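Undergrad: I'm passing along my_file23.cif; it holds mmCIF, N, CA and C atoms.
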```
data_structure
#
loop_
_atom_site.label_atom_id
_atom_site.label_comp_id
_atom_site.auth_asym_id
_atom_site.auth_seq_id
_atom_site.Cartn_x
_atom_site.Cartn_y
_atom_site.Cartn_z
N MET A 1 33.77 7.64 -1.55
CA MET A 1 32.86 6.71 -2.16
C MET A 1 32.27 7.37 -3.42
N PRO A 2 32.51 6.80 -4.56
CA PRO A 2 32.02 7.42 -5.80
C PRO A 2 30.51 7.30 -5.92
N ARG A 3 29.94 8.27 -6.61
CA ARG A 3 28.50 8.24 -6.84
C ARG A 3 28.16 7.18 -7.87
N LEU A 4 27.02 6.57 -7.68
CA LEU A 4 26.59 5.54 -8.61
C LEU A 4 25.73 6.17 -9.70
N ASN A 5 25.86 5.64 -10.90
CA ASN A 5 24.98 6.11 -11.96
C ASN A 5 23.65 5.36 -11.89
N LYS A 6 22.74 5.69 -12.77
CA LYS A 6 21.39 5.13 -12.72
C LYS A 6 21.39 3.61 -12.82
N GLU A 7 22.14 3.06 -13.77
CA GLU A 7 22.17 1.61 -13.96
C GLU A 7 22.75 0.89 -12.75
N GLN A 8 23.77 1.49 -12.13
CA GLN A 8 24.37 0.87 -10.95
C GLN A 8 23.41 0.90 -9.77
N ARG A 9 22.66 1.99 -9.62
CA ARG A 9 21.68 2.06 -8.53
C ARG A 9 20.57 1.04 -8.73
N ILE A 10 20.12 0.89 -9.97
CA ILE A 10 19.06 -0.08 -10.26
C ILE A 10 19.55 -1.49 -9.96
N ALA A 11 20.78 -1.81 -10.38
CA ALA A 11 21.34 -3.14 -10.12
C ALA A 11 21.51 -3.38 -8.62
N ARG A 12 21.98 -2.35 -7.90
CA ARG A 12 22.16 -2.47 -6.45
C ARG A 12 20.83 -2.71 -5.76
N ASP A 13 19.80 -1.93 -6.13
CA ASP A 13 18.48 -2.09 -5.53
C ASP A 13 17.89 -3.46 -5.85
N TYR A 14 18.07 -3.93 -7.08
CA TYR A 14 17.56 -5.24 -7.48
C TYR A 14 18.16 -6.32 -6.59
N GLU A 15 19.47 -6.31 -6.43
CA GLU A 15 20.14 -7.31 -5.60
C GLU A 15 19.71 -7.19 -4.14
N ARG A 16 19.57 -5.98 -3.68
CA ARG A 16 19.19 -5.73 -2.29
C ARG A 16 17.80 -6.30 -1.99
N PHE A 17 16.84 -6.02 -2.85
CA PHE A 17 15.49 -6.50 -2.62
C PHE A 17 15.38 -8.00 -2.85
N LEU A 18 16.12 -8.52 -3.79
CA LEU A 18 16.13 -9.97 -4.00
C LEU A 18 16.64 -10.67 -2.74
N ALA A 19 17.71 -10.15 -2.16
CA ALA A 19 18.26 -10.74 -0.94
C ALA A 19 17.26 -10.64 0.22
N ARG A 20 16.61 -9.48 0.35
CA ARG A 20 15.66 -9.30 1.45
C ARG A 20 14.46 -10.23 1.32
N VAL A 21 13.94 -10.36 0.11
CA VAL A 21 12.79 -11.26 -0.09
C VAL A 21 13.19 -12.70 0.20
N ASN A 22 14.34 -13.11 -0.28
CA ASN A 22 14.81 -14.47 -0.03
C ASN A 22 15.04 -14.72 1.46
N GLU A 23 15.58 -13.72 2.17
CA GLU A 23 15.78 -13.87 3.62
C GLU A 23 14.44 -14.03 4.34
N LYS A 24 13.48 -13.21 3.97
CA LYS A 24 12.16 -13.28 4.62
C LYS A 24 11.46 -14.60 4.29
N ARG A 25 11.61 -15.04 3.05
CA ARG A 25 10.99 -16.31 2.64
C ARG A 25 11.62 -17.48 3.41
N SER A 26 12.95 -17.47 3.53
CA SER A 26 13.61 -18.58 4.23
C SER A 26 13.33 -18.55 5.73
N ALA A 27 13.05 -17.36 6.28
CA ALA A 27 12.72 -17.24 7.70
C ALA A 27 11.26 -17.56 7.97
N GLY A 28 10.48 -17.77 6.90
CA GLY A 28 9.08 -18.11 7.06
C GLY A 28 8.18 -16.90 7.30
N LEU A 29 8.69 -15.72 7.01
CA LEU A 29 7.91 -14.50 7.20
C LEU A 29 7.01 -14.25 5.99
N ASP A 30 6.10 -13.34 6.14
CA ASP A 30 5.13 -13.02 5.09
C ASP A 30 5.76 -12.07 4.07
N VAL A 31 6.22 -12.62 2.95
CA VAL A 31 6.86 -11.80 1.94
C VAL A 31 5.85 -10.95 1.18
N VAL A 32 4.61 -11.37 1.14
CA VAL A 32 3.58 -10.59 0.46
C VAL A 32 3.33 -9.29 1.23
N ALA A 33 3.29 -9.37 2.53
CA ALA A 33 3.13 -8.16 3.35
C ALA A 33 4.32 -7.22 3.15
N TYR A 34 5.50 -7.79 3.04
CA TYR A 34 6.70 -6.99 2.78
C TYR A 34 6.58 -6.31 1.41
N ALA A 35 6.10 -7.02 0.42
CA ALA A 35 5.94 -6.44 -0.92
C ALA A 35 4.86 -5.37 -0.93
N LEU A 36 3.81 -5.54 -0.14
CA LEU A 36 2.79 -4.51 -0.04
C LEU A 36 3.36 -3.23 0.56
N ALA A 37 4.24 -3.40 1.53
CA ALA A 37 4.85 -2.24 2.18
C ALA A 37 5.93 -1.62 1.32
N ASN A 38 6.56 -2.42 0.48
CA ASN A 38 7.65 -1.93 -0.34
C ASN A 38 7.48 -2.47 -1.75
N GLY A 39 7.00 -1.65 -2.64
CA GLY A 39 6.65 -2.07 -3.99
C GLY A 39 7.78 -2.65 -4.81
N LYS A 40 9.02 -2.30 -4.51
CA LYS A 40 10.15 -2.81 -5.30
C LYS A 40 10.36 -4.31 -5.11
N ALA A 41 9.80 -4.85 -4.07
CA ALA A 41 9.96 -6.27 -3.79
C ALA A 41 9.00 -7.13 -4.60
N TYR A 42 8.02 -6.51 -5.26
CA TYR A 42 7.00 -7.26 -5.99
C TYR A 42 7.60 -8.16 -7.06
N LYS A 43 8.57 -7.68 -7.80
CA LYS A 43 9.11 -8.47 -8.91
C LYS A 43 9.87 -9.70 -8.46
N HIS A 44 10.13 -9.83 -7.18
CA HIS A 44 10.85 -10.99 -6.67
C HIS A 44 9.93 -12.05 -6.07
N LEU A 45 8.62 -11.83 -6.17
CA LEU A 45 7.67 -12.80 -5.63
C LEU A 45 7.43 -13.92 -6.64
N THR A 46 7.03 -15.08 -6.12
CA THR A 46 6.66 -16.19 -6.99
C THR A 46 5.27 -15.90 -7.57
N ASP A 47 4.85 -16.71 -8.53
CA ASP A 47 3.54 -16.49 -9.15
C ASP A 47 2.40 -16.59 -8.14
N ALA A 48 2.47 -17.56 -7.25
CA ALA A 48 1.43 -17.71 -6.24
C ALA A 48 1.43 -16.51 -5.29
N GLU A 49 2.60 -16.04 -4.93
CA GLU A 49 2.69 -14.87 -4.05
C GLU A 49 2.19 -13.61 -4.77
N LYS A 50 2.44 -13.52 -6.07
CA LYS A 50 1.96 -12.36 -6.83
C LYS A 50 0.43 -12.33 -6.88
N SER A 51 -0.19 -13.49 -7.05
CA SER A 51 -1.66 -13.51 -7.07
C SER A 51 -2.21 -13.16 -5.69
N ASP A 52 -1.57 -13.63 -4.63
CA ASP A 52 -1.97 -13.27 -3.28
C ASP A 52 -1.77 -11.78 -3.04
N TYR A 53 -0.69 -11.23 -3.57
CA TYR A 53 -0.40 -9.80 -3.47
C TYR A 53 -1.52 -8.98 -4.10
N LYS A 54 -1.93 -9.38 -5.29
CA LYS A 54 -2.99 -8.65 -6.00
C LYS A 54 -4.31 -8.71 -5.24
N ALA A 55 -4.62 -9.88 -4.70
CA ALA A 55 -5.86 -10.04 -3.93
C ALA A 55 -5.84 -9.17 -2.67
N ARG A 56 -4.72 -9.18 -1.98
CA ARG A 56 -4.61 -8.36 -0.77
C ARG A 56 -4.65 -6.87 -1.09
N LYS A 57 -4.02 -6.49 -2.19
CA LYS A 57 -4.01 -5.09 -2.57
C LYS A 57 -5.42 -4.61 -2.88
N LYS A 58 -6.20 -5.45 -3.57
CA LYS A 58 -7.60 -5.11 -3.84
C LYS A 58 -8.39 -4.99 -2.54
N ALA A 59 -8.14 -5.91 -1.60
CA ALA A 59 -8.86 -5.88 -0.33
C ALA A 59 -8.51 -4.62 0.46
N VAL A 60 -7.25 -4.23 0.43
CA VAL A 60 -6.82 -3.02 1.13
C VAL A 60 -7.47 -1.80 0.50
N ALA A 61 -7.49 -1.75 -0.83
CA ALA A 61 -8.10 -0.62 -1.52
C ALA A 61 -9.60 -0.55 -1.24
N LYS A 62 -10.26 -1.71 -1.19
CA LYS A 62 -11.70 -1.74 -0.91
C LYS A 62 -11.98 -1.27 0.51
N ALA A 63 -11.18 -1.72 1.46
CA ALA A 63 -11.36 -1.31 2.85
C ALA A 63 -11.12 0.20 3.00
N LYS A 64 -10.14 0.70 2.30
CA LYS A 64 -9.84 2.14 2.35
C LYS A 64 -11.00 2.94 1.77
N ALA A 65 -11.56 2.47 0.66
CA ALA A 65 -12.68 3.17 0.04
C ALA A 65 -13.91 3.14 0.95
N GLU A 66 -14.16 1.99 1.58
CA GLU A 66 -15.29 1.89 2.50
C GLU A 66 -15.13 2.81 3.70
N LYS A 67 -13.92 2.89 4.21
CA LYS A 67 -13.64 3.77 5.35
C LYS A 67 -13.87 5.22 4.95
N GLU A 68 -13.41 5.59 3.77
CA GLU A 68 -13.60 6.95 3.28
C GLU A 68 -15.08 7.25 3.07
N ALA A 69 -15.85 6.29 2.56
CA ALA A 69 -17.28 6.48 2.35
C ALA A 69 -18.01 6.65 3.68
N ARG A 70 -17.63 5.85 4.69
CA ARG A 70 -18.23 5.99 6.01
C ARG A 70 -17.93 7.36 6.61
N LYS A 71 -16.71 7.80 6.44
CA LYS A 71 -16.30 9.10 6.96
C LYS A 71 -17.10 10.22 6.29
N GLU A 72 -17.26 10.13 4.98
CA GLU A 72 -18.02 11.13 4.24
C GLU A 72 -19.49 11.11 4.65
N GLN A 73 -20.04 9.91 4.85
CA GLN A 73 -21.44 9.80 5.27
C GLN A 73 -21.65 10.39 6.66
N MET A 74 -20.70 10.19 7.56
CA MET A 74 -20.80 10.76 8.90
C MET A 74 -20.79 12.28 8.83
N LEU A 75 -19.96 12.82 7.96
CA LEU A 75 -19.90 14.27 7.79
C LEU A 75 -21.22 14.80 7.25
N LEU A 76 -21.76 14.11 6.25
CA LEU A 76 -23.05 14.54 5.69
C LEU A 76 -24.17 14.44 6.73
N ASP A 77 -24.14 13.40 7.54
CA ASP A 77 -25.15 13.24 8.59
C ASP A 77 -25.05 14.36 9.62
N SER A 78 -23.85 14.73 10.00
CA SER A 78 -23.69 15.81 10.98
C SER A 78 -24.14 17.15 10.41
N ILE A 79 -23.86 17.39 9.13
CA ILE A 79 -24.32 18.62 8.49
C ILE A 79 -25.84 18.63 8.43
N ASP A 80 -26.44 17.51 8.08
CA ASP A 80 -27.90 17.40 8.00
C ASP A 80 -28.53 17.63 9.37
N ALA A 81 -27.93 17.07 10.40
CA ALA A 81 -28.45 17.24 11.76
C ALA A 81 -28.39 18.70 12.18
N GLU A 82 -27.31 19.38 11.88
CA GLU A 82 -27.19 20.80 12.21
C GLU A 82 -28.22 21.62 11.45
N PHE A 83 -28.43 21.27 10.18
CA PHE A 83 -29.41 21.99 9.37
C PHE A 83 -30.81 21.81 9.93
N ARG A 84 -31.17 20.59 10.30
CA ARG A 84 -32.50 20.31 10.87
C ARG A 84 -32.68 21.02 12.21
N LYS A 85 -31.63 21.06 13.00
CA LYS A 85 -31.69 21.73 14.30
C LYS A 85 -31.92 23.23 14.10
N ALA A 86 -31.19 23.83 13.15
CA ALA A 86 -31.35 25.26 12.88
C ALA A 86 -32.73 25.54 12.33
N LYS A 87 -33.23 24.66 11.49
CA LYS A 87 -34.56 24.85 10.90
C LYS A 87 -35.64 24.72 11.96
N ALA A 88 -35.45 23.81 12.93
CA ALA A 88 -36.43 23.59 13.98
C ALA A 88 -36.48 24.79 14.94
N GLN A 89 -35.37 25.48 15.10
CA GLN A 89 -35.32 26.62 16.01
C GLN A 89 -36.00 27.85 15.42
N GLN A 90 -36.19 27.86 14.11
CA GLN A 90 -36.83 29.03 13.48
C GLN A 90 -38.28 29.05 13.63
#
```
I need this file expressed as structure tokens, please.

TA:
Amino acid sequence: MPRLNKEQRIARDYERFLARVNEKRSAGLDVVAYALANGKAYKHLTDAEKSDYKARKKAVAKAKAEKEARKEQMLLDSIDAEFRKAKAQQ
């Protein structure tokens, strides 16, 4: 099997993702979720799906940032509690 050059790989991937998105769309599956999981599928979404993709991506990023902030706050609270405990023992 001969190796593919860059243009051939790009064309192969384009056709592959186009087929996968069309299969998922015809099966009634969530193509936006598929595009979120696999970025190469984004260019095959319709305009309405692309706007939904952007909204979901923002929501995921916001949730991730909130989770990280909560985690950092818990760490700071535990450090503060240890500091107060050590100070109280002195």

Undergrad: May I have the centre and edge lengths, in Å to one decimal, of an axis-aligned box around the listed atoms of segment 42-58 of chain A with 8 Å added to every side, as JSON?

TA:
```
{"center_x": 1.2, "center_y": -11.2, "center_z": -5.0, "size_x": 35.2, "size_y": 29.1, "size_z": 24.4}
```

Undergrad: Might you pull out every residue within 8 Å of segment 21-26 of chain A, with only N, CA and C atoms counted and same-chain residues fewer than 6 positions away left off, and present them as a JSON list (two decimals) with N, CA and C atoms, in the frame of the given file?

TA:
```json
[["chain", "number", "residue", "atom", "x", "y", "z"],
["A", 15, "GLU", "N", 19.47, -6.31, -6.43],
["A", 15, "GLU", "CA", 20.14, -7.31, -5.60],
["A", 15, "GLU", "C", 19.71, -7.19, -4.14],
["A", 34, "TYR", "N", 5.50, -7.79, 3.04],
["A", 34, "TYR", "CA", 6.70, -6.99, 2.78],
["A", 34, "TYR", "C", 6.58, -6.31, 1.41],
["A", 35, "ALA", "N", 6.10, -7.02, 0.42],
["A", 35, "ALA", "CA", 5.94, -6.44, -0.92],
["A", 35, "ALA", "C", 4.86, -5.37, -0.93],
["A", 41, "ALA", "N", 9.80, -4.85, -4.07],
["A", 41, "ALA", "CA", 9.96, -6.27, -3.79],
["A", 41, "ALA", "C", 9.00, -7.13, -4.60],
["A", 44, "HIS", "N", 10.13, -9.83, -7.18],
["A", 44, "HIS", "CA", 10.85, -10.99, -6.67],
["A", 44, "HIS", "C", 9.93, -12.05, -6.07],
["A", 45, "LEU", "N", 8.62, -11.83, -6.17],
["A", 45, "LEU", "CA", 7.67, -12.80, -5.63],
["A", 45, "LEU", "C", 7.43, -13.92, -6.64]]
```

Undergrad: May I ask which of the residues A:Ala19, A:Leu75, A:Val60, A:Leu4 is the closest one to Ala37 of chain A, counting only C-alpha atoms?

TA: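 Looking at the shortest contact to Ala37 of chain A, the residue is A:Val60.
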
Undergrad: Counting only C-alpha atoms, which residue out of A:Asn38, A:Lys67, A:Ser78, A:Pro2 sits closest to Tyr53 of chain A?

TA: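 When distances to Tyr53 of chain A are compared using only C-alpha atoms, the smallest one comes from A:Asn38.
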
Undergrad: In Å, how far is it from atom N of Leu18 of chain A to atom CA of Thr46 of chain A?

TA: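 Going from atom N of Leu18 of chain A over to atom CA of Thr46 of chain A covers 12.6 Å.
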
Undergrad: Chain A: which residues are alpha helix (DSSP H) by DSSP, as a ChimeraX atom specification?

TA: /A:6-26,31-37,47-89

Undergrad: I need the residue nearest Leu36 of chain A from this list: A:Ala63, A:Glu7, A:Lys57, A:Met74. Use all atoms listed in the file for the distance.

TA: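 Among the listed residues, the smallest separation from Leu36 of chain A belongs to A:Lys57.
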
Undergrad: In Å to one decimal, how far is atom CA of Lys40 of chain A from atom CA of Asn5 of chain A?

TA: 18.5 Å

Undergrad: What's the separation between atom N of Tyr42 of chain A and atom CA of Asp30 of chain A, in Å to one decimal place?

TA: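 Taking atom N of Tyr42 of chain A and atom CA of Asp30 of chain A, their separation equals 12.6 Å.
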
Undergrad: Identify which of the residues A:Ala69, A:Ala81, A:Ala33, A:Ala88 lies closest to Asp52 of chain A, counting only N, CA and C atoms when measuring atom-to-atom distances.

TA: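 Of the candidates, the smallest distance to Asp52 of chain A is held by A:Ala33.
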